[in-house]
Amino acid sequence: MARIIDGKKVAADVLAECAAEIAELKAQGVTPGLAVVLVGEDPASQVYVNAKVRQCGELGLHSEKIVLSAQATQAEVLEVVRRLNQDESIHGILVQSPPPPQIDEESIVRAIDPGKDVDGFHPENVARLALEDEDGFVPCTPAGCMRLIEAAGIETRGAEAVVVGRSMIVGKPMALLLMARGSDATVTVAHSRTKDLAAVCRRADLLVAAVGIAEMIKADFVKEGAVVIDVGINRVDDPAAKRGYRLCGDVAYEEVARKASAITPVPGGVGPMTIAMLMKNTIKAARKRSMAAVGR
Ligand code: NAD
């Protein structure tokens with residue numbers, strides 16, 4: 001039976017580091033600030049946004065939650081981003097994805113000051129990640145996966161890693177992080193057009209699933225003794241559950257756990273890491289800005 005990689009525990013360690021770093025910054029007169037912009041009323045987005053703001057409060061970070069109606073125009077969202085870019089009390093800005101269909105998400109992301117882009121989605125930060133330039137911001141979910149892998153003591157050097165999913169939010173940055181110097185994995189990225197996905201996945205010493213399809217990765221996708229990181233968060237109907245649904249990952253947990261050597265659960269695996277790494281990125285943004293101010 002696989003060892004369970006406890007995301008709640010590792011996230012708590014990251015948040016304890018954050019608390020110490022915040023105390024240090026506050027002693028220098030800097031309170032890191034995060035602005036979270038929500039456009040519309042998507043229920044999952046509301047949950048995520050509230051969790052981010054709550055986490056800021058618990059750590060003593062300044063936060064601002066800006067809610068725009070589901071009918072908001074592109075110009076209105078851009079205006080909010082421009083105001084936040086100028087706001088000295090705000091070091092990190094994120095616009096919760098997905099916005100309503102009338103909003104062009106890509107141009108909103110490009111309007112965010114790259115030095116405040118704590119989601120790491122601005123082209124400048126994407127380039128910095130590809131260049132292995134540590135000055136940039138790494139997207140929070142793959143950064144959280146890397147931290148989990150490290151905390152669990154898993155050797156990535158020379159390992160065969162397979163990442164299933166090629167999104168800009170998870171799959172692609174995850175692949176870049178795994179192949180970067182220091183991680184040194186041999187990386188394959190699989191996606192919706194991959195032929196014989198199960199055979200590709202079976203090559204993996206380290207399998208990262210970021211597909212968005214409930215329990216798609218079955219035991220026959222997994223090599224005996226592989227490490228499995230499940231990024232998926234899917235709602236599946238469950239009349240027995242209080243809310244009428246339960247959360248599950250992209251991995252068929254029970255059967256895969258019998259074959260893997262280590263696995264992340266859902267919930268309680270990658271999920272808590274994402275928000276912890278967002279706090280880290282916000283602190284990094286505040287530190288960079290205060291260092292730039294000293295240099296001025
Ligand atoms: P996405 O829909 O943008 O990308 C999914 C990827 O999976 C695509 O690249 C696609 O090519 C690939 N894919 C789709 N069907 C496939 C198939 N049949 N076989 C192989 N590949 C296939 O999703 P995303 O934003 O990358 O998110 C992936 C999952 O991770 C979702 O369940 C999402 O909810 C979850 N997620 C979790 C966190 C977290 O904090 N834990 C954060 C972001 C996303």
# chains A, B, ... in the order shown; residues from 1 in each chain; ligands from 1
$ residues_near_ligand --ligand "ligand 1" --cutoff "9 Å" --atoms "only C-alpha atoms and all ligand atoms" --output "ChimeraX atom specification"
/A:140-142,144-145,164-172,190-195,197,209-214,216,230-235,248-250,266-267,269-275
$ select_by_dssp --residues "region 2-114 of chain A" --states "helix (DSSP H, G or I)" --output "PyMOL selection string"
chain A and resi 7-27+43-59+74-86+105-111+114
$ residues_around --residues "region 32-44 of chain A" --least-positions-apart "6" --cutoff "9 Å" --atoms "only C-alpha atoms" --output "PyMOL selection string"
chain A and resi 22+25-26+52-53+56+60-72+77+80-81+84+88-100+116+118+279+282-287
$ closest_residue --among "A:Glu105, A:Asp237, A:Glu155, A:Glu255" --to "Glu224 (chain A)" --atoms "only C-alpha atoms"
A:Glu255
$ closest_residue --among "A:Ala240, A:Gly158, A:Asp117, A:Ala19" --to "Gly136 (chain A)" --atoms "only C-alpha atoms"
A:Asp117
$ select_by_dssp --residues "region 15-155 of chain A" --states "strand (DSSP E or B)" --output "MDAnalysis selection string"
chainID A and resid 33:39 62:68 92:95
$ atom_distance --atom1 "CA of Gly120 (chain A)" --atom2 "CA of Met291 (chain A)"
19.9 Å
$ closest_residue --among "A:Lys218, A:Lys223, A:Arg181, A:Lys280" --to "Val251 (chain A)" --atoms "only C-alpha atoms"
A:Lys218
$ atom_distance --atom1 "CA of Arg54 (chain A)" --atom2 "CA of Pro173 (chain A)"
26.7 Å
$ atom_distance --atom1 "CA of Ile5 (chain A)" --atom2 "CA of Ala143 (chain A)"
15.5 Å
$ residues_around --residues "region 202-206 of chain A" --least-positions-apart "4" --cutoff "10 Å" --atoms "only C-alpha atoms" --output "PDB file with C-alpha atoms, in the first residue's frame"
ATOM      1  CA  ILE A 149       7.701  15.914  -4.028  1.00  0.00           C
ATOM      2  CA  ILE A 154      11.349  11.707  -3.739  1.00  0.00           C
ATOM      3  CA  GLU A 155      14.378  11.622  -6.043  1.00  0.00           C
ATOM      4  CA  THR A 156      13.630  13.307  -9.353  1.00  0.00           C
ATOM      5  CA  GLY A 158      17.158  10.995 -13.822  1.00  0.00           C
ATOM      6  CA  ALA A 159      13.628   9.780 -13.017  1.00  0.00           C
ATOM      7  CA  GLU A 160      11.129   9.140 -15.802  1.00  0.00           C
ATOM      8  CA  ALA A 161       8.361  11.663 -15.157  1.00  0.00           C
ATOM      9  CA  VAL A 162       5.097  11.693 -17.073  1.00  0.00           C
ATOM     10  CA  VAL A 163       2.792  14.715 -16.794  1.00  0.00           C
ATOM     11  CA  LEU A 178      10.584  18.769 -13.461  1.00  0.00           C
ATOM     12  CA  ALA A 185      13.851  14.482 -14.491  1.00  0.00           C
ATOM     13  CA  THR A 186      13.325  13.091 -17.984  1.00  0.00           C
ATOM     14  CA  VAL A 187       9.890  14.439 -18.788  1.00  0.00           C
ATOM     15  CA  THR A 188       7.122  13.284 -21.106  1.00  0.00           C
ATOM     16  CA  LEU A 197      -1.913   6.888 -22.767  1.00  0.00           C
ATOM     17  CA  ALA A 198      -1.820   3.924 -20.391  1.00  0.00           C
ATOM     18  CA  ALA A 219      -4.124   0.957 -11.793  1.00  0.00           C
ATOM     19  CA  ASP A 220      -3.111  -0.325 -15.248  1.00  0.00           C
ATOM     20  CA  PHE A 221      -1.687   3.171 -16.040  1.00  0.00           C
ATOM     21  CA  VAL A 222       0.739   2.885 -13.142  1.00  0.00           C
ATOM     22  CA  LYS A 223       4.050   1.079 -12.836  1.00  0.00           C
ATOM     23  CA  GLU A 224       4.572  -0.898  -9.628  1.00  0.00           C
ATOM     24  CA  GLY A 225       6.263   1.405  -7.087  1.00  0.00           C
ATOM     25  CA  ALA A 226       5.643   4.680  -8.969  1.00  0.00           C
ATOM     26  CA  VAL A 227       4.987   7.968  -7.169  1.00  0.00           C
ATOM     27  CA  VAL A 228       1.620   9.491  -8.114  1.00  0.00           C
ATOM     28  CA  ILE A 229       0.726  13.171  -7.758  1.00  0.00           C
ATOM     29  CA  ALA A 260       2.117   3.039  -6.149  1.00  0.00           C
ATOM     30  CA  SER A 261       4.863   3.603  -3.574  1.00  0.00           C
ATOM     31  CA  ALA A 262       3.539   7.069  -2.639  1.00  0.00           C
ATOM     32  CA  ILE A 263       0.409   9.013  -3.578  1.00  0.00           C
TER      33      ILE A 263
END
$ closest_residue --among "A:Val200, A:Val109, A:Ala152, A:Ala252" --to "Ile4 (chain A)" --atoms "only C-alpha atoms"
A:Ala152
